[in-house]
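Content type mmCIF, C-alpha atoms, from the file upload38.cif:
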data_model
#
loop_
_atom_site.group_PDB
_atom_site.id
_atom_site.type_symbol
_atom_site.label_atom_id
_atom_site.label_comp_id
_atom_site.auth_asym_id
_atom_site.auth_seq_id
_atom_site.Cartn_x
_atom_site.Cartn_y
_atom_site.Cartn_z
ATOM 1 C CA GLY A 2 -76.232 71.231 112.250
ATOM 2 C CA ARG A 3 -78.182 68.136 113.204
ATOM 3 C CA LYS A 4 -76.618 67.984 116.673
ATOM 4 C CA ILE A 5 -77.438 71.648 117.307
ATOM 5 C CA PHE A 6 -80.969 71.111 115.975
ATOM 6 C CA ASN A 7 -81.448 68.103 118.239
ATOM 7 C CA THR A 8 -80.277 70.126 121.242
ATOM 8 C CA TYR A 9 -82.319 73.295 120.701
ATOM 9 C CA CYS A 10 -85.146 72.544 118.273
ATOM 10 C CA LEU A 11 -86.195 68.900 118.288
ATOM 11 C CA ASN A 12 -88.203 69.139 121.497
ATOM 12 C CA CYS A 13 -90.778 71.302 119.692
ATOM 13 C CA HIS A 14 -90.104 70.747 115.971
ATOM 14 C CA PRO A 15 -90.089 67.198 114.531
ATOM 15 C CA ALA A 16 -87.445 67.102 111.807
ATOM 16 C CA TYR A 17 -88.858 64.323 109.653
ATOM 17 C CA SER A 18 -92.565 64.959 110.066
ATOM 18 C CA SER A 19 -94.955 67.513 108.650
ATOM 19 C CA SER A 20 -97.012 67.232 111.827
ATOM 20 C CA GLY A 21 -95.988 69.467 114.653
ATOM 21 C CA ASN A 22 -95.349 68.902 118.317
ATOM 22 C CA LYS A 23 -95.341 72.230 120.177
ATOM 23 C CA GLY A 24 -94.184 73.907 116.967
ATOM 24 C CA PRO A 25 -94.660 72.922 113.319
ATOM 25 C CA GLY A 26 -92.922 69.916 111.790
ATOM 26 C CA LEU A 27 -90.039 70.896 109.539
ATOM 27 C CA LYS A 28 -90.025 68.112 106.950
ATOM 28 C CA ARG A 29 -89.524 69.628 103.476
ATOM 29 C CA LEU A 30 -89.411 73.122 104.992
ATOM 30 C CA TYR A 31 -87.602 74.656 102.027
ATOM 31 C CA GLN A 32 -89.681 72.838 99.406
ATOM 32 C CA LYS A 33 -92.750 74.821 100.490
ATOM 33 C CA PRO A 34 -93.320 78.368 99.254
ATOM 34 C CA TYR A 35 -94.117 79.689 102.732
ATOM 35 C CA LEU A 36 -93.141 79.061 106.327
ATOM 36 C CA PRO A 37 -95.889 78.331 108.870
ATOM 37 C CA SER A 38 -95.634 82.030 109.829
ATOM 38 C CA GLY A 39 -96.663 83.033 106.297
ATOM 39 C CA LEU A 40 -93.221 84.419 105.420
ATOM 40 C CA THR A 41 -91.489 83.102 102.325
ATOM 41 C CA ALA A 42 -89.414 79.976 102.946
ATOM 42 C CA ASN A 43 -85.883 81.310 102.606
ATOM 43 C CA ASP A 44 -82.742 81.427 104.741
ATOM 44 C CA GLU A 45 -83.297 85.034 105.820
ATOM 45 C CA HIS A 46 -86.753 84.394 107.254
ATOM 46 C CA VAL A 47 -85.800 81.086 108.883
ATOM 47 C CA MET A 48 -82.743 82.707 110.481
ATOM 48 C CA GLN A 49 -84.876 85.630 111.642
ATOM 49 C CA SER A 50 -87.343 83.243 113.302
ATOM 50 C CA ILE A 51 -84.540 81.374 115.071
ATOM 51 C CA VAL A 52 -82.727 84.502 116.261
ATOM 52 C CA ARG A 53 -85.741 86.623 117.274
ATOM 53 C CA GLY A 54 -88.320 83.946 118.004
ATOM 54 C CA ARG A 55 -91.866 84.040 116.693
ATOM 55 C CA GLY A 56 -95.173 83.547 118.473
ATOM 56 C CA MET A 57 -94.639 80.887 121.128
ATOM 57 C CA MET A 58 -91.116 80.155 119.903
ATOM 58 C CA PRO A 59 -88.450 81.720 122.117
ATOM 59 C CA PRO A 60 -85.499 83.586 120.578
ATOM 60 C CA PHE A 61 -82.212 81.701 120.310
ATOM 61 C CA GLY A 62 -80.044 84.611 119.137
ATOM 62 C CA ASN A 63 -78.227 84.767 122.475
ATOM 63 C CA GLN A 64 -77.618 81.014 122.628
ATOM 64 C CA LEU A 65 -76.322 80.265 119.134
ATOM 65 C CA ASP A 66 -73.391 81.919 117.408
ATOM 66 C CA GLN A 67 -73.345 82.707 113.683
ATOM 67 C CA GLN A 68 -71.631 79.455 112.708
ATOM 68 C CA GLU A 69 -74.132 77.390 114.695
ATOM 69 C CA LEU A 70 -77.021 79.257 113.052
ATOM 70 C CA GLU A 71 -75.563 78.581 109.613
ATOM 71 C CA GLU A 72 -75.110 74.890 110.468
ATOM 72 C CA VAL A 73 -78.747 74.611 111.592
ATOM 73 C CA ILE A 74 -79.911 76.319 108.375
ATOM 74 C CA ALA A 75 -77.787 73.919 106.307
ATOM 75 C CA TYR A 76 -79.310 70.970 108.171
ATOM 76 C CA LEU A 77 -82.846 72.275 107.621
ATOM 77 C CA HIS A 78 -82.140 72.239 103.871
ATOM 78 C CA THR A 79 -81.607 68.466 104.094
ATOM 79 C CA LEU A 80 -85.033 67.742 105.586
#

As structure tokens, how would this structure be written, given the file I've shared?
Amino acid sequence: GRKIFNTYCLNCHPAYSSSGNKGPGLKRLYQKPYLPSGLTANDEHVMQSIVRGRGMMPPFGNQLDQQELEEVIAYLHTL
């Protein structure tokens, strides 16, 4: 998941920082009650944001397959 994250996400989302770059930092993403979007911090909402995009974030549903999405979600749980 980390390799996929580094390829598609790291440019905008710092993994080990709460401060954002172009998008919000993702440190301790799942330890917070809500995502920056205001949705609850759970796999469904994170996956939805990745697949469909949100705000300035482009959708990645056509670039990542289901296994890659699941690997990114698993990696985000380690932050």

Q: Give me the residues within 9 Å of Leu77 in chain A as a ChimeraX atom specification, counting all atoms listed in the file and dropping any in the same chain fewer than 6 places off.
A: /A:2-3,6,16,27-31

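Distance-wise, CA of Phe61 in chain A and CA of Gln32 in chain A end up 23.9 Å apart.
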
Check which residues of range 5-40 of chain A sit at most 12 Å from range 45-54 of chain A using only C-alpha atoms, and return one row each with the closest pair of atoms and their distance in Å to one decimal, ordered by chain and rising number, as JSON lines.
{"residue": "A:Phe6", "atom": "CA", "partner": "A:Ile51", "partner_atom": "CA", "distance": 10.9}
{"residue": "A:Tyr9", "atom": "CA", "partner": "A:Ile51", "partner_atom": "CA", "distance": 10.1}
{"residue": "A:Cys10", "atom": "CA", "partner": "A:Ile51", "partner_atom": "CA", "distance": 9.4}
{"residue": "A:Gly24", "atom": "CA", "partner": "A:Gly54", "partner_atom": "CA", "distance": 11.7}
{"residue": "A:Leu27", "atom": "CA", "partner": "A:Val47", "partner_atom": "CA", "distance": 11.1}
{"residue": "A:Leu30", "atom": "CA", "partner": "A:Val47", "partner_atom": "CA", "distance": 9.6}
{"residue": "A:Tyr31", "atom": "CA", "partner": "A:Val47", "partner_atom": "CA", "distance": 9.6}
{"residue": "A:Pro34", "atom": "CA", "partner": "A:His46", "partner_atom": "CA", "distance": 12.0}
{"residue": "A:Tyr35", "atom": "CA", "partner": "A:His46", "partner_atom": "CA", "distance": 9.8}
{"residue": "A:Leu36", "atom": "CA", "partner": "A:Val47", "partner_atom": "CA", "distance": 8.0}
{"residue": "A:Pro37", "atom": "CA", "partner": "A:Val47", "partner_atom": "CA", "distance": 10.5}
{"residue": "A:Ser38", "atom": "CA", "partner": "A:Ser50", "partner_atom": "CA", "distance": 9.1}
{"residue": "A:Gly39", "atom": "CA", "partner": "A:His46", "partner_atom": "CA", "distance": 10.0}
{"residue": "A:Leu40", "atom": "CA", "partner": "A:His46", "partner_atom": "CA", "distance": 6.7}

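If all atoms listed in the file are the atoms counted, then among A:Ala42, A:Leu80, A:Ile74, A:Met58 the closest residue to Asn12 in chain A is A:Met58.
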
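Across the model, the gap from CA of Glu69 in chain A to CA of Ile5 in chain A is 7.1 Å.
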
Q) Residues picked by the PyMOL selection byres ((chain A and resi 14) around 6) here, as a list in words? A) Cys10, Leu11, Cys13, Pro15, Gly24, Pro25 and Gly26 of chain A

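Closest approach to Lys23 in chain A among A:Leu70, A:Asp44, A:Thr79, A:Gly56 is made by A:Gly56 (distances from all atoms listed in the file).
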
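Closest to Glu72 in chain A among A:Thr41, A:Arg55, A:Lys4, A:Ser19 is A:Lys4, based on only C-alpha atoms.
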
Return the padded bounding box of range 5-20 of chain A as AutoDock Vina command-line options: axis-aligned, built from all atoms listed in the file, 4 Å added on each side, with centre and edge lengths in Å to one decimal.
--center_x -87.2 --center_y 68.8 --center_z 115.1 --size_x 27.6 --size_y 17.0 --size_z 20.8

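One distance worth recording is that between CA of Asn7 in chain A and CA of Val73 in chain A, which is 9.7 Å.
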